[in-house]
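Everything on this sheet refers to the single structure shown next.
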Amino acid sequence: MTIATTFPRNPTASPTPVDVRAERMVDPGFGRVFTDHMAIAHYNAADGWHDLAIAPRQPLTVDPACAVLHYAQEIFEGLKAYRTADGGTALFRPEANARRFMASARRLAMPELPEELFVESCRALVRSEIDWIPDCDGGALYLRPFMIASEAFLGVKPSSDYIYMVLASSVGAYFKGGPKAVTIWASENYTRAAPGGTGAAKCGGNYAASLAAQAEAITKGCDQVVFLDAVERRYIEELGGMNVFFVFDDGSIATPPLSDTILAGITRDSLIALARDRGIAVREERYSLDQWRADAASGRLTEAFACGTAAVVTPIGAVKATSGDFTIGSGGPGQTSTALRAALVALQTGSAPDPHGWLDKL
Ligand code: PLP
Ligand code: COI
C-alpha cells in the first residue's frame, strides 16, 4: 500500500490574536505555550495510516475505555525547529527521531509510523506554525509527536486503533534562568529502567515512573534526578529526561554506554560526533556514583553535564545523594560543556557549517 504523506491544512476558525501570541512568546519557558494547530493521523489495521491533516489544536474526545487510559500504550518524541542565521527555519535530525519513534513503537507493540510520514508531519506543522518561533534566547518551536492506543476495550492486548499527533510549543530555556549549573539528586531508592524493560523506548510510562524520584529530588533541593542501574545500583544511567556526560582533567569525555535501559539521545549522539570532530577523546563506558564522587574530590573529574533536546547542554554543578554530596569543579558551568553547547547551538541555528548534514531546512 502506498501511503500519502501530505498533511492538508484545515485552519482554525479563531487563531490566537497576534498581540496575545507575541505576549506569550516573550518568556515562554518550556511546554506551556501551544500553537493553534496540530498534525493528526489515524491508524487501524484495515486502512493503515489515514486521514492525515494539520488541524486546529483542540481537546480530544476519546472513549473512557480507550486503551491508553488504562494500560499506557503511548509513545512520544521531542524535537525542535530553529530559526536559522539566513532567515530560514530548520528541523534538527528529524529522521533520527522518526527512527527512534519506530523503535519505541515496536517495543510497545504499536504500529510503526513510516519515517517519511513522521518527518512530513513535522515539516507541515512547522510551516503552518512558523510565526510561533520565539525570538528569545534559545527560542525554538518544540515539537511533540506522540501516538496513543485508541481502541475502547478493557482486555490487555495491543490496541487495534491508534491516533498519531504532533503538538507545537513555543519554548525558551528548559531550566529557569538559562544554562547555569544545576544540582542533581542521585536516586538510590528508585530506579528508572530494568534490563528487558522499556528504558530505551520513549514511552509515557517511563516518565510516570520517574516522577516520585523527581519529586524526591525537588524535596532535596535539587533540579533533577539521576538514576543508577537497576541491577547493581552503582552505575550512572541517565536523568529523568536527559543523558549525562563526564569531563576529565586530560580533556577526554565519557558517557554511559547505550543499553536497553537508556534512551539513545539524539543530542548525546550529536555531541559525541561534535566532540570527536574537535579531537576530544570520547569513551562510552560505565561510571559509578562512587567513582564520580572520588574523581570530583581528586580533581580528575572537572565537569559533568546533562543533554537533551529540551535541556540542550546543561552543566551539573553539584550532586546530592544519601551516600554523600559533592561539588563538581567550581560548581558552575565548565569550559567543555560551554564550548560543546555553543558548537551545537551554532550548528542548529545555521550559524556554523553542518558537516554531518543534520539540518533539515524547510
Ligand atoms: N533520556 C531521556 C530519558 C529523555 O527523555 C531524553 C529526551 O528526549 C533524552 C535522554 C535526550 O534525548 P534527545 O537528545 O534525543 O532529546
Ligand atoms: C526532550 O528533551 O525532548 C524530552 O522529551 C525531555 C522531557 C521534556 C521529557
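Please note that chains go A, B, ... in the order of the C-alpha cells, that every chain numbers its residues from 1, and that ligands are numbered from 1 in the order shown.
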9 Å from ligand 2 is the threshold here; counting only C-alpha atoms and all ligand atoms, which polymer residues fall inside it? Answer as number ranges by chain. A: 30-31, 76-80, 142-144, 174, 202, 204, 207, 240-242, 265, 267, 307-312
If we count only C-alpha atoms and set the cut-off at 10 Å, which residues sit around Thr198 in chain A, ignoring sequence neighbours fewer than 2 positions away in its own chain? Please answer as a ChimeraX atom specification.
/A:104,107-108,192-196,200-203,205-206,260-263
Take the selection from the previous step and output its residues with N, CA and C atoms, as a PDB file, in the first residue's frame.
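So again_30.pdb came out as:
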```
ATOM      1  N   SER A 104      10.495   2.714  19.419  1.00  0.00           N
ATOM      2  CA  SER A 104       9.597   2.760  20.591  1.00  0.00           C
ATOM      3  C   SER A 104       8.290   2.036  20.276  1.00  0.00           C
ATOM      4  N   ARG A 107       8.624  -1.683  20.592  1.00  0.00           N
ATOM      5  CA  ARG A 107       8.705  -2.132  21.993  1.00  0.00           C
ATOM      6  C   ARG A 107       7.343  -2.111  22.679  1.00  0.00           C
ATOM      7  N   LEU A 108       6.490  -1.158  22.268  1.00  0.00           N
ATOM      8  CA  LEU A 108       5.160  -1.029  22.913  1.00  0.00           C
ATOM      9  C   LEU A 108       4.068  -1.727  22.090  1.00  0.00           C
ATOM     10  N   ARG A 192      15.005   3.733  37.258  1.00  0.00           N
ATOM     11  CA  ARG A 192      14.174   4.170  36.126  1.00  0.00           C
ATOM     12  C   ARG A 192      13.818   3.024  35.201  1.00  0.00           C
ATOM     13  N   ALA A 193      14.754   2.107  35.009  1.00  0.00           N
ATOM     14  CA  ALA A 193      14.555   1.090  33.967  1.00  0.00           C
ATOM     15  C   ALA A 193      15.358  -0.147  34.316  1.00  0.00           C
ATOM     16  N   ALA A 194      14.794  -1.308  34.020  1.00  0.00           N
ATOM     17  CA  ALA A 194      15.500  -2.567  34.286  1.00  0.00           C
ATOM     18  C   ALA A 194      15.792  -3.272  32.957  1.00  0.00           C
ATOM     19  N   PRO A 195      16.824  -4.126  32.930  1.00  0.00           N
ATOM     20  CA  PRO A 195      17.114  -4.866  31.697  1.00  0.00           C
ATOM     21  C   PRO A 195      15.874  -5.611  31.208  1.00  0.00           C
ATOM     22  N   GLY A 196      15.656  -5.553  29.908  1.00  0.00           N
ATOM     23  CA  GLY A 196      14.486  -6.208  29.331  1.00  0.00           C
ATOM     24  C   GLY A 196      13.232  -5.346  29.384  1.00  0.00           C
ATOM     25  N   ALA A 200      14.738   1.970  27.011  1.00  0.00           N
ATOM     26  CA  ALA A 200      15.254   2.544  25.766  1.00  0.00           C
ATOM     27  C   ALA A 200      14.143   3.072  24.867  1.00  0.00           C
ATOM     28  N   ALA A 201      12.898   2.847  25.273  1.00  0.00           N
ATOM     29  CA  ALA A 201      11.764   3.362  24.482  1.00  0.00           C
ATOM     30  C   ALA A 201      11.324   4.692  25.085  1.00  0.00           C
ATOM     31  N   LYS A 202      10.807   5.565  24.234  1.00  0.00           N
ATOM     32  CA  LYS A 202      10.317   6.842  24.762  1.00  0.00           C
ATOM     33  C   LYS A 202       8.808   6.699  24.934  1.00  0.00           C
ATOM     34  N   CYS A 203       8.447   6.076  26.063  1.00  0.00           N
ATOM     35  CA  CYS A 203       7.021   5.831  26.326  1.00  0.00           C
ATOM     36  C   CYS A 203       6.634   6.566  27.609  1.00  0.00           C
ATOM     37  N   GLY A 205       4.968   5.845  30.162  1.00  0.00           N
ATOM     38  CA  GLY A 205       5.093   5.118  31.421  1.00  0.00           C
ATOM     39  C   GLY A 205       6.441   5.309  32.090  1.00  0.00           C
ATOM     40  N   ASN A 206       7.501   5.421  31.294  1.00  0.00           N
ATOM     41  CA  ASN A 206       8.831   5.637  31.884  1.00  0.00           C
ATOM     42  C   ASN A 206       8.862   6.936  32.679  1.00  0.00           C
ATOM     43  N   ASP A 260      19.543  -1.404  26.849  1.00  0.00           N
ATOM     44  CA  ASP A 260      18.080  -1.354  26.817  1.00  0.00           C
ATOM     45  C   ASP A 260      17.488  -0.624  28.021  1.00  0.00           C
ATOM     46  N   THR A 261      18.351  -0.024  28.841  1.00  0.00           N
ATOM     47  CA  THR A 261      17.838   0.757  29.971  1.00  0.00           C
ATOM     48  C   THR A 261      18.087   2.261  29.811  1.00  0.00           C
ATOM     49  N   ILE A 262      18.658   2.660  28.677  1.00  0.00           N
ATOM     50  CA  ILE A 262      18.996   4.077  28.482  1.00  0.00           C
ATOM     51  C   ILE A 262      18.395   4.557  27.172  1.00  0.00           C
ATOM     52  N   LEU A 263      17.824   5.768  27.179  1.00  0.00           N
ATOM     53  CA  LEU A 263      17.295   6.319  25.928  1.00  0.00           C
ATOM     54  C   LEU A 263      18.463   6.822  25.072  1.00  0.00           C
TER      55      LEU A 263
END
```
From a DSSP calculation on the backbone, collect every residue of range 45-139 of chain A in alpha helix (DSSP H) and output the set as a tab-separated table (two decimals) with N, CA, C and O atoms, in the first residue's frame.
```
chain	number	residue	atom	x	y	z
A	67	ALA	N	-7.73	2.36	25.31
A	67	ALA	CA	-6.64	1.55	25.87
A	67	ALA	C	-5.53	2.39	26.53
A	67	ALA	O	-4.99	2.01	27.57
A	68	VAL	N	-5.21	3.53	25.96
A	68	VAL	CA	-4.10	4.32	26.52
A	68	VAL	C	-4.41	4.77	27.95
A	68	VAL	O	-3.50	4.90	28.78
A	69	LEU	N	-5.69	4.97	28.25
A	69	LEU	CA	-6.05	5.47	29.59
A	69	LEU	C	-5.88	4.40	30.66
A	69	LEU	O	-5.79	4.70	31.84
A	70	HIS	N	-5.83	3.14	30.24
A	70	HIS	CA	-5.76	2.04	31.22
A	70	HIS	C	-4.39	1.38	31.26
A	70	HIS	O	-3.88	1.07	32.33
A	71	TYR	N	-3.80	1.18	30.07
A	71	TYR	CA	-2.55	0.40	30.04
A	71	TYR	C	-1.37	1.20	29.50
A	71	TYR	O	-0.32	0.63	29.22
A	94	PRO	N	15.37	15.29	12.10
A	94	PRO	CA	14.04	14.69	12.34
A	94	PRO	C	13.98	13.21	11.99
A	94	PRO	O	13.19	12.46	12.58
A	95	GLU	N	14.82	12.78	11.04
A	95	GLU	CA	14.78	11.35	10.65
A	95	GLU	C	15.29	10.48	11.80
A	95	GLU	O	14.88	9.32	11.93
A	96	ALA	N	16.17	11.04	12.65
A	96	ALA	CA	16.65	10.27	13.80
A	96	ALA	C	15.51	10.09	14.81
A	96	ALA	O	15.34	9.00	15.39
A	97	ASN	N	14.71	11.13	14.99
A	97	ASN	CA	13.53	10.99	15.87
A	97	ASN	C	12.53	10.01	15.27
A	97	ASN	O	11.91	9.22	16.00
A	98	ALA	N	12.40	10.04	13.94
A	98	ALA	CA	11.45	9.13	13.28
A	98	ALA	C	11.86	7.68	13.52
A	98	ALA	O	11.01	6.82	13.82
A	99	ARG	N	13.16	7.43	13.44
A	99	ARG	CA	13.64	6.04	13.63
A	99	ARG	C	13.47	5.61	15.09
A	99	ARG	O	13.12	4.47	15.39
A	100	ARG	N	13.73	6.54	16.00
A	100	ARG	CA	13.56	6.19	17.42
A	100	ARG	C	12.08	5.96	17.73
A	100	ARG	O	11.72	5.09	18.53
A	101	PHE	N	11.21	6.73	17.07
A	101	PHE	CA	9.76	6.55	17.26
A	101	PHE	C	9.35	5.16	16.78
A	101	PHE	O	8.52	4.49	17.42
A	102	MET	N	9.95	4.71	15.70
A	102	MET	CA	9.63	3.36	15.20
A	102	MET	C	10.11	2.30	16.20
A	102	MET	O	9.42	1.30	16.45
A	103	ALA	N	11.30	2.52	16.76
A	103	ALA	CA	11.83	1.56	17.73
A	103	ALA	C	10.94	1.53	18.98
A	103	ALA	O	10.64	0.45	19.52
A	104	SER	N	10.50	2.71	19.42
A	104	SER	CA	9.60	2.76	20.59
A	104	SER	C	8.29	2.04	20.28
A	104	SER	O	7.75	1.30	21.12
A	105	ALA	N	7.78	2.24	19.05
A	105	ALA	CA	6.52	1.59	18.66
A	105	ALA	C	6.67	0.06	18.73
A	105	ALA	O	5.79	-0.63	19.26
A	106	ARG	N	7.80	-0.45	18.23
A	106	ARG	CA	8.00	-1.91	18.26
A	106	ARG	C	7.97	-2.41	19.70
A	106	ARG	O	7.36	-3.43	20.02
A	107	ARG	N	8.62	-1.68	20.59
A	107	ARG	CA	8.70	-2.13	21.99
A	107	ARG	C	7.34	-2.11	22.68
A	107	ARG	O	7.06	-2.91	23.56
A	115	GLU	N	8.92	6.51	8.35
A	115	GLU	CA	9.82	7.66	8.57
A	115	GLU	C	9.35	8.91	7.81
A	115	GLU	O	9.33	10.01	8.35
A	116	GLU	N	8.96	8.72	6.53
A	116	GLU	CA	8.61	9.91	5.73
A	116	GLU	C	7.33	10.56	6.24
A	116	GLU	O	7.16	11.77	6.17
A	117	LEU	N	6.44	9.75	6.82
A	117	LEU	CA	5.20	10.32	7.36
A	117	LEU	C	5.50	11.13	8.63
A	117	LEU	O	4.97	12.22	8.83
A	118	PHE	N	6.38	10.60	9.45
A	118	PHE	CA	6.79	11.32	10.66
A	118	PHE	C	7.43	12.66	10.27
A	118	PHE	O	7.04	13.72	10.77
A	119	VAL	N	8.40	12.59	9.37
A	119	VAL	CA	9.14	13.82	9.01
A	119	VAL	C	8.21	14.81	8.33
A	119	VAL	O	8.22	16.01	8.64
A	120	GLU	N	7.35	14.34	7.43
A	120	GLU	CA	6.43	15.25	6.73
A	120	GLU	C	5.44	15.89	7.69
A	120	GLU	O	5.08	17.05	7.54
A	121	SER	N	4.99	15.15	8.69
A	121	SER	CA	4.04	15.73	9.65
A	121	SER	C	4.72	16.87	10.41
A	121	SER	O	4.11	17.92	10.66
A	122	CYS	N	5.99	16.68	10.75
A	122	CYS	CA	6.73	17.73	11.49
A	122	CYS	C	6.96	18.94	10.59
A	122	CYS	O	6.75	20.08	11.00
A	123	ARG	N	7.38	18.66	9.35
A	123	ARG	CA	7.63	19.79	8.43
A	123	ARG	C	6.34	20.58	8.19
A	123	ARG	O	6.34	21.81	8.21
A	124	ALA	N	5.25	19.87	7.95
A	124	ALA	CA	3.98	20.55	7.64
A	124	ALA	C	3.52	21.39	8.83
A	124	ALA	O	3.03	22.51	8.66
A	125	LEU	N	3.70	20.87	10.04
A	125	LEU	CA	3.27	21.63	11.22
A	125	LEU	C	4.15	22.86	11.42
A	125	LEU	O	3.65	23.95	11.74
A	126	VAL	N	5.45	22.71	11.21
A	126	VAL	CA	6.33	23.87	11.38
A	126	VAL	C	5.98	24.94	10.34
A	126	VAL	O	5.88	26.13	10.66
A	127	ARG	N	5.74	24.51	9.10
A	127	ARG	CA	5.36	25.51	8.06
A	127	ARG	C	4.09	26.24	8.48
A	127	ARG	O	3.97	27.44	8.30
A	128	SER	N	3.15	25.51	9.08
A	128	SER	CA	1.88	26.10	9.49
A	128	SER	C	2.07	27.07	10.67
A	128	SER	O	1.38	28.08	10.76
```
For Pro28 in chain A, find every residue with an atom within 6 Å (counting only C-alpha atoms), except residues of its own chain fewer than 3 positions away, and show them as a list in words.
Met25, Val171 and Gly172 of chain A
Once you have the residues from the selection above, write them out as a PDB file, in the first residue's frame, restricted to N, CA, C and O atoms.
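Final output, saved to again_38.pdb:
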```pdb
ATOM      1  N   MET A  25       4.960  34.799  23.888  1.00  0.00           N
ATOM      2  CA  MET A  25       6.279  34.335  23.442  1.00  0.00           C
ATOM      3  C   MET A  25       7.451  35.124  24.033  1.00  0.00           C
ATOM      4  O   MET A  25       8.594  34.816  23.767  1.00  0.00           O
ATOM      5  N   VAL A 171       9.070  27.606  22.823  1.00  0.00           N
ATOM      6  CA  VAL A 171       9.862  27.380  24.040  1.00  0.00           C
ATOM      7  C   VAL A 171      11.087  28.281  24.104  1.00  0.00           C
ATOM      8  O   VAL A 171      11.630  28.715  23.086  1.00  0.00           O
ATOM      9  N   GLY A 172      11.520  28.525  25.361  1.00  0.00           N
ATOM     10  CA  GLY A 172      12.809  29.145  25.624  1.00  0.00           C
ATOM     11  C   GLY A 172      13.621  28.112  26.400  1.00  0.00           C
ATOM     12  O   GLY A 172      13.626  26.934  26.053  1.00  0.00           O
TER      13      GLY A 172
END
```
The distance between CA of Asn189 in chain A and CA of Leu239 in chain A is 14.4 Å
A:Leu271, A:Ile184, A:Leu91, A:Ala109 ranked by distance to Thr336 in chain A, top pick (using only C-alpha atoms):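 Using only C-alpha atoms, the shortest distance to Thr336 in chain A belongs to A:Leu271.
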- Query: Which residue, A:His42, A:Arg21, A:Arg293, A:Lys361, has the smallest gap to Phe326 in chain A when you use only C-alpha atoms?
  - Reply: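 Of A:His42, A:Arg21, A:Arg293, A:Lys361, the one nearest Phe326 in chain A is A:Arg293, counting only C-alpha atoms.
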